[in-house]
Amino acid sequence: MSAQKDRWVSSFSFLLFCASSIPTRGSARLLRELSPQEYFSSLQAGRAFLAYFSHNVSPGVQPFLEQIENSAEALQDYGISVVKVNCPKEDVSRYCGKENTLRKAYLFRGNVLIREFPTDALFDVNSIVANVLFALLFNEVKYVETLADLQNIENMLKGRSNMVFAYVPATGTAEHRAVMEAAFVYGTVHQFVLTTEAALLKDTGNDEPDVSSARLLFCHCQRVTDLAQPCRRTAMGQALTMLNIHRHLKLMGAPLVTEVAEDPEKVSTVHLQLGLPLVFILSQKETYEADRRTAEFVAWQLLGKAGVALLSRDLVDLNILLRSNVALKTPDEGVPIKYLVLEDTDEVVTLVEDRNKVEQIQEDEEEDEEDEHEKENNNQDIQDDQVVEAVSRDKKRELPLERIRVLTEETFHSALLETARTVVLFYASWEAVSLAVLRSYTEVADHLEGTQGVLLSRVNCWDWPGVCTKENVTQFPTIKIYEKGERSVMYNGMWGTEELTSFIMLSRVSCPLKLATIEEAEGYLRGEFPSELSSYPHTSILGVFGTATTEAREAFEEAGNILSGHVTMGMYFEDDALALCRKYAVSPPALLLARTGGRSVEGIALSKQSTQDMVRMIRYELLDIFPEITVQNLPYYLQLKKPFLILFSDGDIGQMASEEMLKLAKGRPQQAFVACWLNLKKTPVGRGVLKAYFTTTPSLPLLVWVNLHAGGQVFKFPSEQAITETNILSWLEKLKAGLEIPSSTLSEEDWKPPLPAYDFLQMMETAVPELPLHASQCRRDTPERRLPESPGGDTAVREEPSQETKAEKVGSPGRDLRGTAPRLAAREKQGKRHSEL
């Protein structure tokens with residue numbers, strides 16, 4: 001269930017951001033009209049401008065201007081401004097003077113002319129975007145006409161980078177635009193090569209290619225060190241659209257073979273997340289090397305069509321026939337894994353390819369039903385996710401990320417050793433919550449600028465999934481703090497700037513902090529020690545232990561490791577610990593709790609000495625006795641699963657009401673409800689809560705009893721009575737006796753999304769309109785990977801190096817599966833070598 005949901009979320013984020021770049025009528029507002037003087041004075045160094053110079057707009061030029069206006073928004077997404085320069089009649093300068101000059105558009109970078117375009121070459125939005133990006137990306141996209149030129153580029157890339165080779169029948173087409181937009185996003189990762197020569201397409205090994213259709217090949221050159229060895233080529237089987245290119249490049253970057261040591265039902269790979277099947281080659285210890293070679297051979301044949309995993313029988317207790325040697329897992333939810341007995345690799349390939357054909361037929365038959373379903377749910381297009389909406393609305397604002405260090409697979413471990421504490425944000429660049437948290441993270445970097453011993457860094461798990469897998473990152477976003485590359489603490493609080501900053505600062509101090517003298521202990525309770533936390537309001541917890549309380553002291557230390565970053569904990573166990581306890585009327589082992597800078601210290605006896613009991617006790621004691629409920633702290637009080645006695649107030653509550661409510665909260669230790677108050681001015685969402693309780697907002701202040709965890713009944717304290725401890729206790733007794741009638745009863749329905757979810761996997765598999773991809777949202781289609789741990793603590797799924805980073809030795813084609821099942825007869829059946837590999 002979670003894997004299916006992850007795929008929906010991943011694809012939704014990708015499609016949403018891509019869809020935002022479809023040109024609309026509003027794009028005309030992005031077209032600026034300037035005089036020649038205004039235009040040339042507004043040029044900025046490094047910024048690209050597409051300019052058209054004109055005197056009077058003739059009817060023949062009007063269609064061109066309409067297309068220029070329509071392309072303004074699409075070009076704006078790539079940082080390119082579109083300008084119409086109105087030339088005065090008397091202007092005879094270079095760009096305004098000649099009639100043939102007025103039939104051209106000009107591409108500038110700053111005040112440097114990059115390219116002149118005849119207006120008849122810019123006939124629609126696709127041709128404009130394609131040609132402009134082609135001119136700007138002259139380093140990222142090489143144009144070749146001959147096989148020798150292509151081979152020279154391949155040879156230069158061997159051992160360094162991979163190549164994306166695209167053939168388009170003509171420039172200025174939708175396919176040309178898709179390739180250019182992909183190059184804009186991935187041009188720093190792969191070398192793009194373009195051709196319009198049909199003969200060159202034939203020379204690359206394609207048997208009788210359809211020269212009227214665009215093609216794309218991924219050339220695996222990075223690990224080829226021998227110039228005589230050709231680069232493997234994997235053809236993209238789908239039409240050349242931005243979505244399909246992105247999907248293909250994602251598959252090419254996935255691990256060639258994944259080794260699995262857990263229940264295959266729990267395994268999730270990028271192929272399953274993109275709606276492709278996963279083939280398991282069942283292995284055993286005695287035949288591992290042969291099985292590994294078989295899996296690699298099958299993986300190359302199925303590259304882009306299915307994933308391949310090597311499943312060890314020795315490490316997983318499979319209740320299947322011993323003769324089974326292959327398993328097939330489909331991305332369809334609820335479909336069990338099929339275990340099969342196959343004789344050779346050709347049967348594996350046929351199994352996948354035939355299944356794909358059947359699925360395509362089923363998809364075609366279901367299209368009409370889906371269309372009807374979409375019409376019935378046409379309001380589904382409304383954006384009901386506020387985080388996604390906010391991120392999308394503010395997507396063009398650049399974040400100041402210069403204070404946050406980018407970590408990669410090569411720099412991750414070395415960076416952890418550079419400073420005392422390294423804060424790492426693991427995120428996915430396609431995921432809305434990750435991007436929202438990244439904004440808070442930049443604000444944290446501003447607050448902590450100049451702080452010694454703290455390094456703020458980030459890892460994009462789309463780019464470096466191996467790092468995130470090894471660090472057991474199972475959800476996005478995740479923040480961990482590493483101490484000199486060793487022990488790490490994971491953050492599980494609110495994602496606001498203040499909360500993140502507090503967590504990082506508290507993590508700088510040892511937890512628990514060992515204190516050497518009574519003076520240090522007293523200073524710690526007053527909030528004066530350690531000095532680096534004196535400016536951060538916090539509650540201090542001091543554990544005091546005698547010489548005979550070793551077990552409790554060890555449990556307290558372990559609890560400190562768990563709570564590090566969330567609370568400050570000190571520990572005092574010197575010979576004079578008893579004197580400190582007497583001062584606060586407790587006996588060791590005990591906790592001393594100092595709230596608000598040490599104005600009051602509360603002594604608590606430690607009756608339970610297990611680590612988990614101590615953690616729960618400390619978390620409970622950290623909660624305020626009579627708290628003000630806010631959006632930030634409400635989850636902590638909801639976790640208590642107790643009824644709420646809430647005093648709603650339009651501003652600060654009066655002193656008398658506050659004192660009476662505080663007496664009530666303190667009067668019964670470990671009482672069965674949470675006494676609290678809510679300031680509607682500071683927390684306006686409280687007005688919505690009151691409307692849910694009473695339909696209309698009642699007069700304030702108002703005392704309410706509500707049990708969210710049992711029945712949902714809401715009771716209103718009589719407004720004619722004064723809010724005193726005696727009156728409240730009397731009223732609560734009536735509630736307990738069933739003598740009061742509830743004002744309302746909350747619904748017991750689950751809180752679910754207001755609209756059904758899109759099936760984005762289905763949308764990616766079927767034909768969809770071409771959606772350009774922004775550079776700032778270039779990698780967003782990897783959902784979170786859930787990798788359970790084996791009993792020994794090691795990650796159960798080990799991702800092997802991807803095909804770009806690992807040389808693959810190819811054996812003879814049509815190899816048999818003799819190594820995957822005992823007593824299975826070998827059959828040396830020769831098959832065809834796939835030319836695209």
# chains A, B, ... in the order shown; residues from 1 in each chain; ligands from 1
call {"tool": "residues_around", "arguments": {"residues": "Val125 in chain A", "least_positions_apart": "3", "cutoff": "8 Å", "atoms": "only C-alpha atoms", "output": "list of chain:residue names"}}
result
A:Gln67, A:Ile68, A:Asn70, A:Ser71, A:Leu122, A:Ile128, A:Val129
call {"tool": "select_by_dssp", "arguments": {"residues": "range 44-208 of chain A", "states": "alpha helix (DSSP H)", "output": "VMD selection string"}}
result
chain A and resid 62 to 76 125 to 136 147 to 157 174 to 186 198 to 203
call {"tool": "atom_distance", "arguments": {"atom1": "CA of Glu740 in chain A", "atom2": "CA of Phe715 in chain A"}}
result
7.8 Å
call {"tool": "residues_around", "arguments": {"residues": "Thr330 in chain A", "least_positions_apart": "6", "cutoff": "9 Å", "atoms": "only C-alpha atoms", "output": "list in words"}}
result
Leu272, Gly275, Leu276, Pro277, Leu278, Val279, Pro336, Ile337 and Lys338 of chain A
call {"tool": "closest_residue", "arguments": {"among": "A:Gly667, A:Val454, A:Ala555, A:Phe545", "to": "Leu578 in chain A", "atoms": "only C-alpha atoms"}}
result
A:Phe545
call {"tool": "residues_around", "arguments": {"residues": "range 645-655 of chain A", "least_positions_apart": "5", "cutoff": "7 Å", "atoms": "only C-alpha atoms", "output": "list in words"}}
result
Phe673, Val674, Ala675, Cys676, Trp677, Leu678, Asn679, Leu680, Lys681, Leu700, Pro701, Leu702, Leu703, Val704, Trp705 and Val706 of chain A
call {"tool": "write_last_selection", "arguments": {"atoms": "C-alpha atoms", "output": "PDB file, in the first residue's frame"}}
result
ATOM      1  CA  PHE A 673      -7.431  15.171  31.435  1.00  0.00           C
ATOM      2  CA  VAL A 674      -5.364  17.983  29.936  1.00  0.00           C
ATOM      3  CA  ALA A 675      -6.187  21.442  31.292  1.00  0.00           C
ATOM      4  CA  CYS A 676      -5.090  24.042  28.738  1.00  0.00           C
ATOM      5  CA  TRP A 677      -6.021  27.320  27.040  1.00  0.00           C
ATOM      6  CA  LEU A 678      -6.024  28.638  23.487  1.00  0.00           C
ATOM      7  CA  ASN A 679      -5.420  32.253  22.454  1.00  0.00           C
ATOM      8  CA  LEU A 680      -7.452  32.925  19.290  1.00  0.00           C
ATOM      9  CA  LYS A 681      -5.366  35.991  18.450  1.00  0.00           C
ATOM     10  CA  LEU A 700     -15.492  34.399  24.877  1.00  0.00           C
ATOM     11  CA  PRO A 701     -13.891  33.405  27.189  1.00  0.00           C
ATOM     12  CA  LEU A 702     -15.367  29.932  26.961  1.00  0.00           C
ATOM     13  CA  LEU A 703     -14.463  26.737  28.833  1.00  0.00           C
ATOM     14  CA  VAL A 704     -15.014  23.512  26.868  1.00  0.00           C
ATOM     15  CA  TRP A 705     -14.652  19.807  27.650  1.00  0.00           C
ATOM     16  CA  VAL A 706     -14.014  17.540  24.647  1.00  0.00           C
TER      17      VAL A 706
END
call {"tool": "closest_residue", "arguments": {"among": "A:Val348, A:Leu448, A:Val193, A:Ala306", "to": "Pro331 in chain A", "atoms": "only C-alpha atoms"}}
result
A:Ala306
call {"tool": "closest_residue", "arguments": {"among": "A:Pro512, A:Gly543, A:Pro118, A:Gly453", "to": "Gly565 in chain A", "atoms": "only C-alpha atoms"}}
result
A:Pro512
call {"tool": "closest_residue", "arguments": {"among": "A:Lys666, A:Val141, A:Gly466, A:Tyr167", "to": "Val185 in chain A", "atoms": "only C-alpha atoms"}}
result
A:Val141
call {"tool": "atom_distance", "arguments": {"atom1": "CA of Arg616 in chain A", "atom2": "CA of Asn561 in chain A"}}
result
13.7 Å
call {"tool": "residues_around", "arguments": {"residues": "Phe503 in chain A", "least_positions_apart": "6", "cutoff": "10 Å", "atoms": "only C-alpha atoms", "output": "list in words"}}
result
Ile481, Tyr491, Asn492, Gly493, Thr497, Ser564, Gly565, His566 and Val567 of chain A
call {"tool": "write_last_selection", "arguments": {"atoms": "N, CA, C and O atoms", "output": "CSV table (one decimal), in the first residue's frame"}}
result
chain,number,residue,atom,x,y,z
A,481,ILE,N,21.9,14.7,12.7
A,481,ILE,CA,23.1,15.4,13.1
A,481,ILE,C,24.1,14.3,13.5
A,481,ILE,O,23.9,13.4,14.3
A,491,TYR,N,16.1,14.0,13.7
A,491,TYR,CA,15.2,15.0,14.1
A,491,TYR,C,13.8,14.5,13.8
A,491,TYR,O,13.5,14.1,12.7
A,492,ASN,N,12.8,14.7,14.8
A,492,ASN,CA,11.4,14.2,14.5
A,492,ASN,C,10.4,15.3,15.0
A,492,ASN,O,9.3,14.9,15.4
A,493,GLY,N,10.8,16.5,15.0
A,493,GLY,CA,9.9,17.6,15.5
A,493,GLY,C,9.3,18.4,14.3
A,493,GLY,O,9.2,17.9,13.2
A,497,THR,N,11.5,27.1,11.4
A,497,THR,CA,12.9,27.6,11.6
A,497,THR,C,13.3,27.6,13.0
A,497,THR,O,14.4,27.1,13.4
A,564,SER,N,18.7,13.5,22.9
A,564,SER,CA,19.6,14.5,22.5
A,564,SER,C,19.0,15.4,21.4
A,564,SER,O,18.5,15.0,20.4
A,565,GLY,N,19.1,16.7,21.6
A,565,GLY,CA,18.6,17.7,20.6
A,565,GLY,C,17.2,18.2,21.0
A,565,GLY,O,16.8,19.2,20.5
A,566,HIS,N,16.5,17.4,21.8
A,566,HIS,CA,15.1,17.7,22.1
A,566,HIS,C,15.0,18.3,23.5
A,566,HIS,O,14.1,19.0,23.9
A,567,VAL,N,16.1,18.1,24.4
A,567,VAL,CA,16.0,18.6,25.7
A,567,VAL,C,17.5,18.6,26.2
A,567,VAL,O,18.4,18.0,25.7
call {"tool": "atom_distance", "arguments": {"atom1": "CA of Glu347 in chain A", "atom2": "CA of Leu274 in chain A"}}
result
23.2 Å
call {"tool": "residues_around", "arguments": {"residues": "Phe123 in chain A", "least_positions_apart": "2", "cutoff": "12 Å", "atoms": "only C-alpha atoms", "output": "NGL selection string"}}
result
:A and (61-71 or 105 or 117-121 or 125-131 or 171-174)
call {"tool": "write_last_selection", "arguments": {"atoms": "N, CA, C and O atoms", "output": "compact mmCIF listing (two decimals), in the first residue's frame"}}
result
# COMPACT_ATOMS: atom_id res chain seq x y z
N VAL A 61 3.21 39.93 -40.46
CA VAL A 61 4.06 39.68 -39.29
C VAL A 61 3.23 39.31 -38.06
O VAL A 61 3.74 38.74 -37.11
N GLN A 62 1.93 39.59 -38.11
CA GLN A 62 1.09 39.37 -36.94
C GLN A 62 1.11 37.93 -36.42
O GLN A 62 1.23 37.72 -35.21
N PRO A 63 1.02 36.90 -37.30
CA PRO A 63 1.08 35.52 -36.77
C PRO A 63 2.38 35.22 -36.03
O PRO A 63 2.39 34.53 -35.01
N PHE A 64 3.50 35.77 -36.54
CA PHE A 64 4.79 35.56 -35.86
C PHE A 64 4.78 36.19 -34.47
O PHE A 64 5.24 35.59 -33.49
N LEU A 65 4.23 37.42 -34.38
CA LEU A 65 4.20 38.08 -33.07
C LEU A 65 3.33 37.31 -32.08
O LEU A 65 3.63 37.25 -30.89
N GLU A 66 2.24 36.72 -32.57
CA GLU A 66 1.39 35.93 -31.69
C GLU A 66 2.14 34.74 -31.12
O GLU A 66 2.02 34.41 -29.93
N GLN A 67 2.94 34.07 -31.96
CA GLN A 67 3.72 32.92 -31.49
C GLN A 67 4.82 33.36 -30.52
O GLN A 67 5.11 32.67 -29.53
N ILE A 68 5.43 34.52 -30.79
CA ILE A 68 6.43 35.05 -29.88
C ILE A 68 5.80 35.32 -28.50
O ILE A 68 6.37 34.99 -27.45
N GLU A 69 4.61 35.92 -28.53
CA GLU A 69 3.91 36.18 -27.27
C GLU A 69 3.57 34.89 -26.54
O GLU A 69 3.72 34.79 -25.32
N ASN A 70 3.12 33.88 -27.28
CA ASN A 70 2.76 32.60 -26.66
C ASN A 70 3.96 31.89 -26.06
O ASN A 70 3.81 31.09 -25.13
N SER A 71 5.13 32.12 -26.60
CA SER A 71 6.34 31.43 -26.11
C SER A 71 7.00 32.16 -24.96
O SER A 71 7.96 31.64 -24.37
N ALA A 105 14.65 37.68 -35.83
CA ALA A 105 14.67 37.82 -34.38
C ALA A 105 16.09 37.57 -33.90
O ALA A 105 16.84 36.79 -34.52
N PHE A 117 17.74 34.69 -36.04
CA PHE A 117 16.77 33.71 -36.50
C PHE A 117 15.86 34.34 -37.55
O PHE A 117 15.22 35.38 -37.26
N PRO A 118 15.75 33.77 -38.72
CA PRO A 118 14.71 34.22 -39.66
C PRO A 118 13.34 33.97 -39.03
O PRO A 118 13.11 32.95 -38.39
N THR A 119 12.44 34.90 -39.21
CA THR A 119 11.13 34.76 -38.58
C THR A 119 10.37 33.54 -39.08
O THR A 119 9.57 32.97 -38.35
N ASP A 120 10.64 33.12 -40.32
CA ASP A 120 9.93 31.94 -40.81
C ASP A 120 10.43 30.66 -40.17
O ASP A 120 9.82 29.59 -40.32
N ALA A 121 11.58 30.70 -39.45
CA ALA A 121 12.07 29.52 -38.73
C ALA A 121 11.43 29.41 -37.35
O ALA A 121 11.52 28.37 -36.70
N VAL A 125 5.38 27.79 -30.99
CA VAL A 125 6.06 27.79 -29.69
C VAL A 125 7.15 26.73 -29.64
O VAL A 125 8.24 26.97 -29.11
N ASN A 126 6.88 25.54 -30.17
CA ASN A 126 7.89 24.48 -30.14
C ASN A 126 9.16 24.91 -30.87
O ASN A 126 10.28 24.70 -30.39
N SER A 127 9.01 25.49 -32.06
CA SER A 127 10.19 25.89 -32.83
C SER A 127 10.95 27.01 -32.13
O SER A 127 12.18 27.05 -32.16
N ILE A 128 10.23 27.94 -31.51
CA ILE A 128 10.90 29.04 -30.82
C ILE A 128 11.71 28.52 -29.64
O ILE A 128 12.90 28.81 -29.49
N VAL A 129 11.06 27.71 -28.77
CA VAL A 129 11.76 27.19 -27.59
C VAL A 129 12.93 26.29 -28.01
O VAL A 129 14.03 26.39 -27.46
N ALA A 130 12.70 25.43 -29.00
CA ALA A 130 13.74 24.50 -29.43
C ALA A 130 14.95 25.25 -29.99
O ALA A 130 16.10 24.97 -29.61
N ASN A 131 14.73 26.20 -30.89
CA ASN A 131 15.85 26.90 -31.52
C ASN A 131 16.58 27.80 -30.56
O ASN A 131 17.82 27.91 -30.62
N THR A 171 14.59 20.22 -37.24
CA THR A 171 14.65 21.09 -36.07
C THR A 171 13.37 21.91 -35.98
O THR A 171 12.64 22.09 -36.96
N GLY A 172 13.12 22.42 -34.78
CA GLY A 172 11.93 23.23 -34.57
C GLY A 172 10.68 22.44 -34.29
O GLY A 172 9.60 23.01 -34.18
N THR A 173 10.77 21.13 -34.16
CA THR A 173 9.61 20.28 -33.91
C THR A 173 9.41 20.08 -32.41
O THR A 173 10.26 20.47 -31.59
N ALA A 174 8.30 19.46 -32.05
CA ALA A 174 8.05 19.17 -30.64
C ALA A 174 9.11 18.24 -30.07
O ALA A 174 9.52 18.38 -28.91
